[in-house]
Amino acid sequence: MKERQRAAEEMNISKIRNEIGRLPGVLSIETLDPQIYEKIIELEDRYTQSTMNINIGIMEALARGHQFCILKNDDFRGPPSSTVLMAYKYDAKPSLPDNQIVIFEDMFYSIIGQEKIGVFSEDKIIDTGNFVIFQNRIVKGRKPIYLFPSVAFPELRKMRGVRDVVSSTPCSIVDMSLRRHYGYQEDPHHTGTLVLGFNLEF
């Protein structure tokens with residue numbers, strides 16, 4: 001039974017790899033090695049300690065059962081949702097609508113701004129071009145931080161046997177570490193890495 005399940009798992013992973021490989025802008029797909037997995041956690045933690053910004057998306061991807069590292073160029077499609085959020089941090093849940101709150105590691109973050117992707121219904125918006133800030137959510141005296149959430153990977157949404165798919169852009173020091181580990185070009189001009197996490201079901 002275990003051998004049969006392992007064979008099915010390998011077949012599904014191969015199908016996922018092939019599906020991603022057909023996308024415009026994808027240059028390389030690598031299975032995330034255990035060695036670099038631990039390095040990512042270490043470097044992202046170091047980044048958070050130095051900047052107070054949090055890459056939630058990378059942690060969600062690493063929490064899945066399987067991960068790919070993807071090298072892409074400018075021909076790859078844009079993200080389906082915002083990859084950057086501006087937020088205030090709270091120890092307890094603030095009295096706000098759930099769609100304005102992100103929960104991560106038992107802490108609460110109220111969203112006051114985000115990357116300009118999609119349509120916004122609020123009236124008072126500060127539009128900086130590629131980022132919007134919701135004026136009515138600003139609290140005087142509070143210092144915001146930035147969160148980097150996971151985003152969906154629509155191309156795998158309807159694939160059978162695959163669930164909980166998320167993708168994330170690593171911070172710059174993790175990006176460089178991934179490039180060196182997999183032998184990618186270290187010059188980040190016009191290319192970037194993604195970490196894709198997913199679970200399989202049988």
# chains A, B, ... in the order shown; residues from 1 in each chain; ligands from 1

call {"tool": "residues_around", "arguments": {"residues": "stretch 102-109 of chain A", "least_positions_apart": "5", "cutoff": "7 Å", "atoms": "only C-alpha atoms", "output": "number ranges by chain"}}
result
A: 87-93

call {"tool": "write_last_selection", "arguments": {"atoms": "N, CA and C atoms", "output": "mmCIF file, in the first residue's frame"}}
result
data_model
loop_
_atom_site.group_PDB
_atom_site.id
_atom_site.type_symbol
_atom_site.label_atom_id
_atom_site.label_comp_id
_atom_site.auth_asym_id
_atom_site.auth_seq_id
_atom_site.Cartn_x
_atom_site.Cartn_y
_atom_site.Cartn_z
ATOM 1 N N ALA A 87 -0.187 47.154 7.820
ATOM 2 C CA ALA A 87 -1.085 46.786 8.913
ATOM 3 C C ALA A 87 -0.573 47.268 10.261
ATOM 4 N N TYR A 88 -1.513 47.351 11.216
ATOM 5 C CA TYR A 88 -1.177 47.569 12.609
ATOM 6 C C TYR A 88 -1.228 46.226 13.335
ATOM 7 N N LYS A 89 -0.340 46.056 14.295
ATOM 8 C CA LYS A 89 -0.277 44.808 15.066
ATOM 9 C C LYS A 89 -1.011 44.971 16.390
ATOM 10 N N TYR A 90 -1.826 43.956 16.746
ATOM 11 C CA TYR A 90 -2.573 43.964 18.005
ATOM 12 C C TYR A 90 -2.388 42.630 18.737
ATOM 13 N N ASP A 91 -2.365 42.699 20.062
ATOM 14 C CA ASP A 91 -2.308 41.478 20.873
ATOM 15 C C ASP A 91 -3.667 40.792 20.958
ATOM 16 N N ALA A 92 -4.737 41.576 20.896
ATOM 17 C CA ALA A 92 -6.098 41.051 20.946
ATOM 18 C C ALA A 92 -6.850 41.488 19.691
ATOM 19 N N LYS A 93 -7.881 40.748 19.346
ATOM 20 C CA LYS A 93 -8.613 41.046 18.114
ATOM 21 C C LYS A 93 -9.306 42.403 18.212
#

call {"tool": "select_by_dssp", "arguments": {"residues": "stretch 128-197 of chain A", "states": "strand (DSSP E)", "output": "ChimeraX atom specification"}}
result
/A:131-134,145-147,162-168,191-197

call {"tool": "select_by_dssp", "arguments": {"residues": "stretch 10-167 of chain A", "states": "helix (DSSP H, G or I)", "output": "ChimeraX atom specification"}}
result
/A:10-21,34-51,56-62,98-100,135-137,154-156

call {"tool": "write_last_selection", "arguments": {"atoms": "C-alpha atoms", "output": "tab-separated table (two decimals), in the first residue's frame"}}
result
chain	number	residue	atom	x	y	z
A	10	GLU	CA	5.30	10.94	-7.44
A	11	MET	CA	2.96	10.87	-10.43
A	12	ASN	CA	0.90	13.76	-9.06
A	13	ILE	CA	4.01	15.80	-8.31
A	14	SER	CA	5.27	15.17	-11.85
A	15	LYS	CA	1.93	16.36	-13.27
A	16	ILE	CA	2.08	19.51	-11.16
A	17	ARG	CA	5.63	20.19	-12.30
A	18	ASN	CA	4.64	19.73	-15.95
A	19	GLU	CA	1.63	22.02	-15.57
A	20	ILE	CA	3.73	24.79	-14.02
A	21	GLY	CA	6.47	24.28	-16.61
A	34	PRO	CA	15.35	19.96	3.34
A	35	GLN	CA	18.70	21.76	3.63
A	36	ILE	CA	17.44	24.97	2.03
A	37	TYR	CA	14.07	24.62	3.82
A	38	GLU	CA	15.74	25.20	7.19
A	39	LYS	CA	17.83	28.02	5.74
A	40	ILE	CA	14.70	29.81	4.52
A	41	ILE	CA	13.17	29.75	8.00
A	42	GLU	CA	16.40	31.08	9.52
A	43	LEU	CA	16.77	33.91	6.99
A	44	GLU	CA	13.12	34.94	7.04
A	45	ASP	CA	13.27	35.09	10.85
A	46	ARG	CA	16.38	37.25	10.61
A	47	TYR	CA	14.58	39.52	8.13
A	48	THR	CA	11.60	39.87	10.47
A	49	GLN	CA	13.85	40.69	13.44
A	50	SER	CA	15.67	43.42	11.50
A	51	THR	CA	12.66	45.01	9.76
A	56	ILE	CA	3.37	35.22	6.27
A	57	GLY	CA	3.14	33.67	2.81
A	58	ILE	CA	6.49	31.88	2.94
A	59	MET	CA	5.61	30.30	6.28
A	60	GLU	CA	2.27	29.11	4.92
A	61	ALA	CA	3.99	27.59	1.88
A	62	LEU	CA	6.56	25.83	4.07
A	98	ASP	CA	-12.99	40.01	9.53
A	99	ASN	CA	-11.95	41.01	5.99
A	100	GLN	CA	-9.80	43.78	7.49
A	135	GLN	CA	-7.73	56.77	5.20
A	136	ASN	CA	-10.58	55.77	7.50
A	137	ARG	CA	-8.49	52.94	8.98
A	154	PRO	CA	-4.95	29.64	-10.11
A	155	GLU	CA	-3.43	27.27	-12.66
A	156	LEU	CA	-3.56	24.40	-10.16

call {"tool": "residues_around", "arguments": {"residues": "A:Gly65", "least_positions_apart": "6", "cutoff": "8 Å", "atoms": "only C-alpha atoms", "output": "PyMOL selection string"}}
result
chain A and resi 197-200

call {"tool": "atom_distance", "arguments": {"atom1": "atom CA of A:Thr83", "atom2": "atom CA of A:Asn130"}}
result
11.4 Å

call {"tool": "closest_residue", "arguments": {"among": "A:Met176, A:Met86, A:Ala8, A:Val151", "to": "A:Thr191", "atoms": "only C-alpha atoms"}}
result
A:Met176

call {"tool": "closest_residue", "arguments": {"among": "A:Lys143, A:Asn55, A:His66, A:Lys72", "to": "A:Arg22", "atoms": "only C-alpha atoms"}}
result
A:Lys72

call {"tool": "residues_around", "arguments": {"residues": "A:Asn73", "least_positions_apart": "2", "cutoff": "12 Å", "atoms": "only C-alpha atoms", "output": "list in words"}}
result
Leu23, Pro24, Gly25, Val26, Leu27, Ser28, Ile70, Leu71, Asp75, Phe76, Arg77, Gly78, Gln185, Asp187, Pro188, His189, His190, Thr191, Gly192, Thr193 and Leu194 of chain A

call {"tool": "atom_distance", "arguments": {"atom1": "atom CA of A:Ile133", "atom2": "atom CA of A:Val84"}}
result
11.7 Å

call {"tool": "atom_distance", "arguments": {"atom1": "atom CA of A:Gly113", "atom2": "atom CA of A:Phe153"}}
result
22.6 Å

call {"tool": "decode", "arguments": {"residues": "stretch 40-189 of chain A", "atoms": "C-alpha atoms", "output": "mmCIF file, in the first residue's frame"}}
result
data_model
loop_
_atom_site.group_PDB
_atom_site.id
_atom_site.type_symbol
_atom_site.label_atom_id
_atom_site.label_comp_id
_atom_site.auth_asym_id
_atom_site.auth_seq_id
_atom_site.Cartn_x
_atom_site.Cartn_y
_atom_site.Cartn_z
ATOM 1 C CA ILE A 40 14.704 29.814 4.521
ATOM 2 C CA ILE A 41 13.172 29.755 7.997
ATOM 3 C CA GLU A 42 16.396 31.084 9.520
ATOM 4 C CA LEU A 43 16.773 33.906 6.988
ATOM 5 C CA GLU A 44 13.120 34.942 7.041
ATOM 6 C CA ASP A 45 13.269 35.094 10.848
ATOM 7 C CA ARG A 46 16.383 37.248 10.607
ATOM 8 C CA TYR A 47 14.583 39.516 8.127
ATOM 9 C CA THR A 48 11.598 39.873 10.470
ATOM 10 C CA GLN A 49 13.850 40.691 13.445
ATOM 11 C CA SER A 50 15.671 43.417 11.504
ATOM 12 C CA THR A 51 12.659 45.007 9.761
ATOM 13 C CA MET A 52 9.638 44.000 11.908
ATOM 14 C CA ASN A 53 7.936 43.055 8.621
ATOM 15 C CA ILE A 54 6.553 39.521 8.307
ATOM 16 C CA ASN A 55 6.480 37.178 5.324
ATOM 17 C CA ILE A 56 3.371 35.216 6.265
ATOM 18 C CA GLY A 57 3.141 33.673 2.812
ATOM 19 C CA ILE A 58 6.487 31.884 2.937
ATOM 20 C CA MET A 59 5.614 30.300 6.276
ATOM 21 C CA GLU A 60 2.270 29.108 4.919
ATOM 22 C CA ALA A 61 3.993 27.590 1.880
ATOM 23 C CA LEU A 62 6.560 25.833 4.067
ATOM 24 C CA ALA A 63 3.770 24.422 6.247
ATOM 25 C CA ARG A 64 2.410 22.433 3.286
ATOM 26 C CA GLY A 65 3.478 18.859 2.617
ATOM 27 C CA HIS A 66 5.335 19.670 -0.616
ATOM 28 C CA GLN A 67 7.183 22.701 -1.986
ATOM 29 C CA PHE A 68 8.679 23.853 -5.263
ATOM 30 C CA CYS A 69 11.114 26.688 -5.874
ATOM 31 C CA ILE A 70 10.214 28.409 -9.148
ATOM 32 C CA LEU A 71 12.455 30.798 -11.080
ATOM 33 C CA LYS A 72 10.419 33.154 -13.267
ATOM 34 C CA ASN A 73 10.984 36.153 -15.508
ATOM 35 C CA ASP A 74 8.908 39.167 -16.559
ATOM 36 C CA ASP A 75 6.734 37.038 -18.857
ATOM 37 C CA PHE A 76 5.167 35.310 -15.850
ATOM 38 C CA ARG A 77 1.645 36.531 -15.052
ATOM 39 C CA GLY A 78 1.036 39.000 -12.260
ATOM 40 C CA PRO A 79 -0.248 37.939 -8.829
ATOM 41 C CA PRO A 80 -4.017 37.330 -8.507
ATOM 42 C CA SER A 81 -4.198 39.321 -5.260
ATOM 43 C CA SER A 82 -2.140 41.785 -3.228
ATOM 44 C CA THR A 83 1.293 40.551 -2.175
ATOM 45 C CA VAL A 84 1.971 43.442 0.226
ATOM 46 C CA LEU A 85 -0.226 44.653 3.087
ATOM 47 C CA MET A 86 0.285 47.572 5.461
ATOM 48 C CA ALA A 87 -1.085 46.786 8.913
ATOM 49 C CA TYR A 88 -1.177 47.569 12.609
ATOM 50 C CA LYS A 89 -0.277 44.808 15.066
ATOM 51 C CA TYR A 90 -2.573 43.964 18.005
ATOM 52 C CA ASP A 91 -2.308 41.478 20.873
ATOM 53 C CA ALA A 92 -6.098 41.051 20.946
ATOM 54 C CA LYS A 93 -8.613 41.046 18.114
ATOM 55 C CA PRO A 94 -9.680 44.613 17.279
ATOM 56 C CA SER A 95 -13.361 45.454 16.694
ATOM 57 C CA LEU A 96 -13.145 45.406 12.915
ATOM 58 C CA PRO A 97 -14.701 43.365 10.094
ATOM 59 C CA ASP A 98 -12.988 40.013 9.529
ATOM 60 C CA ASN A 99 -11.954 41.013 5.986
ATOM 61 C CA GLN A 100 -9.803 43.777 7.489
ATOM 62 C CA ILE A 101 -7.922 41.448 9.849
ATOM 63 C CA VAL A 102 -5.098 38.960 9.317
ATOM 64 C CA ILE A 103 -4.317 36.440 12.069
ATOM 65 C CA PHE A 104 -0.835 34.966 12.273
ATOM 66 C CA GLU A 105 0.794 33.107 15.167
ATOM 67 C CA ASP A 106 -1.883 34.267 17.647
ATOM 68 C CA MET A 107 -1.391 37.926 16.768
ATOM 69 C CA PHE A 108 -3.879 40.190 14.986
ATOM 70 C CA TYR A 109 -3.090 42.608 12.163
ATOM 71 C CA SER A 110 -5.556 45.229 10.915
ATOM 72 C CA ILE A 111 -5.038 46.063 7.243
ATOM 73 C CA ILE A 112 -4.756 49.784 6.486
ATOM 74 C CA GLY A 113 -3.203 49.582 3.017
ATOM 75 C CA GLN A 114 -2.250 47.145 0.295
ATOM 76 C CA GLU A 115 -0.730 46.644 -3.109
ATOM 77 C CA LYS A 116 -3.077 48.041 -5.740
ATOM 78 C CA ILE A 117 -4.599 44.892 -7.206
ATOM 79 C CA GLY A 118 -8.355 44.538 -7.673
ATOM 80 C CA VAL A 119 -11.228 46.943 -7.023
ATOM 81 C CA PHE A 120 -11.663 48.899 -3.779
ATOM 82 C CA SER A 121 -15.090 49.986 -2.541
ATOM 83 C CA GLU A 122 -14.010 52.383 0.206
ATOM 84 C CA ASP A 123 -14.463 56.085 -0.504
ATOM 85 C CA LYS A 124 -11.423 57.624 1.158
ATOM 86 C CA ILE A 125 -8.341 56.093 -0.445
ATOM 87 C CA ILE A 126 -4.834 57.468 -0.815
ATOM 88 C CA ASP A 127 -3.651 56.156 -4.186
ATOM 89 C CA THR A 128 0.140 56.211 -4.633
ATOM 90 C CA GLY A 129 0.080 54.474 -8.006
ATOM 91 C CA ASN A 130 0.847 50.874 -7.099
ATOM 92 C CA PHE A 131 -0.321 50.999 -3.484
ATOM 93 C CA VAL A 132 -3.469 52.217 -1.732
ATOM 94 C CA ILE A 133 -3.995 53.357 1.867
ATOM 95 C CA PHE A 134 -7.448 53.402 3.444
ATOM 96 C CA GLN A 135 -7.731 56.772 5.195
ATOM 97 C CA ASN A 136 -10.583 55.771 7.501
ATOM 98 C CA ARG A 137 -8.495 52.942 8.980
ATOM 99 C CA ILE A 138 -5.503 55.066 9.995
ATOM 100 C CA VAL A 139 -4.952 55.325 13.766
ATOM 101 C CA LYS A 140 -2.833 58.264 14.932
ATOM 102 C CA GLY A 141 0.179 57.279 16.991
ATOM 103 C CA ARG A 142 0.299 53.690 15.716
ATOM 104 C CA LYS A 143 3.251 52.567 13.617
ATOM 105 C CA PRO A 144 2.363 50.190 10.770
ATOM 106 C CA ILE A 145 4.370 47.228 9.552
ATOM 107 C CA TYR A 146 4.275 45.339 6.257
ATOM 108 C CA LEU A 147 2.943 41.829 5.786
ATOM 109 C CA PHE A 148 3.602 39.636 2.766
ATOM 110 C CA PRO A 149 0.675 37.206 2.461
ATOM 111 C CA SER A 150 0.482 34.057 0.396
ATOM 112 C CA VAL A 151 -1.463 34.226 -2.857
ATOM 113 C CA ALA A 152 -3.349 31.609 -4.829
ATOM 114 C CA PHE A 153 -1.887 29.756 -7.805
ATOM 115 C CA PRO A 154 -4.955 29.640 -10.113
ATOM 116 C CA GLU A 155 -3.427 27.267 -12.664
ATOM 117 C CA LEU A 156 -3.558 24.396 -10.157
ATOM 118 C CA ARG A 157 -7.005 25.174 -8.750
ATOM 119 C CA LYS A 158 -8.841 22.503 -10.766
ATOM 120 C CA MET A 159 -6.125 19.847 -10.782
ATOM 121 C CA ARG A 160 -7.320 16.618 -9.192
ATOM 122 C CA GLY A 161 -5.479 15.385 -6.127
ATOM 123 C CA VAL A 162 -3.983 18.789 -5.273
ATOM 124 C CA ARG A 163 -5.223 21.086 -2.514
ATOM 125 C CA ASP A 164 -4.173 23.950 -0.227
ATOM 126 C CA VAL A 165 -1.997 25.515 -2.936
ATOM 127 C CA VAL A 166 -0.276 28.784 -2.017
ATOM 128 C CA SER A 167 2.631 30.726 -3.461
ATOM 129 C CA SER A 168 4.873 33.332 -1.925
ATOM 130 C CA THR A 169 7.669 35.680 -2.887
ATOM 131 C CA PRO A 170 10.631 35.253 -0.518
ATOM 132 C CA CYS A 171 12.470 38.209 0.975
ATOM 133 C CA SER A 172 15.568 39.418 -0.876
ATOM 134 C CA ILE A 173 18.106 37.478 1.215
ATOM 135 C CA VAL A 174 16.129 34.247 0.785
ATOM 136 C CA ASP A 175 15.819 34.934 -2.940
ATOM 137 C CA MET A 176 19.606 35.181 -3.231
ATOM 138 C CA SER A 177 20.096 32.064 -1.105
ATOM 139 C CA LEU A 178 17.733 30.086 -3.362
ATOM 140 C CA ARG A 179 19.543 31.326 -6.475
ATOM 141 C CA ARG A 180 22.906 30.184 -5.123
ATOM 142 C CA HIS A 181 21.564 26.837 -3.896
ATOM 143 C CA TYR A 182 20.015 25.918 -7.239
ATOM 144 C CA GLY A 183 22.643 27.552 -9.436
ATOM 145 C CA TYR A 184 20.365 30.267 -10.779
ATOM 146 C CA GLN A 185 21.735 33.527 -12.106
ATOM 147 C CA GLU A 186 22.361 35.721 -9.055
ATOM 148 C CA ASP A 187 21.518 38.987 -10.828
ATOM 149 C CA PRO A 188 17.828 39.506 -9.890
ATOM 150 C CA HIS A 189 17.210 41.885 -12.823
#
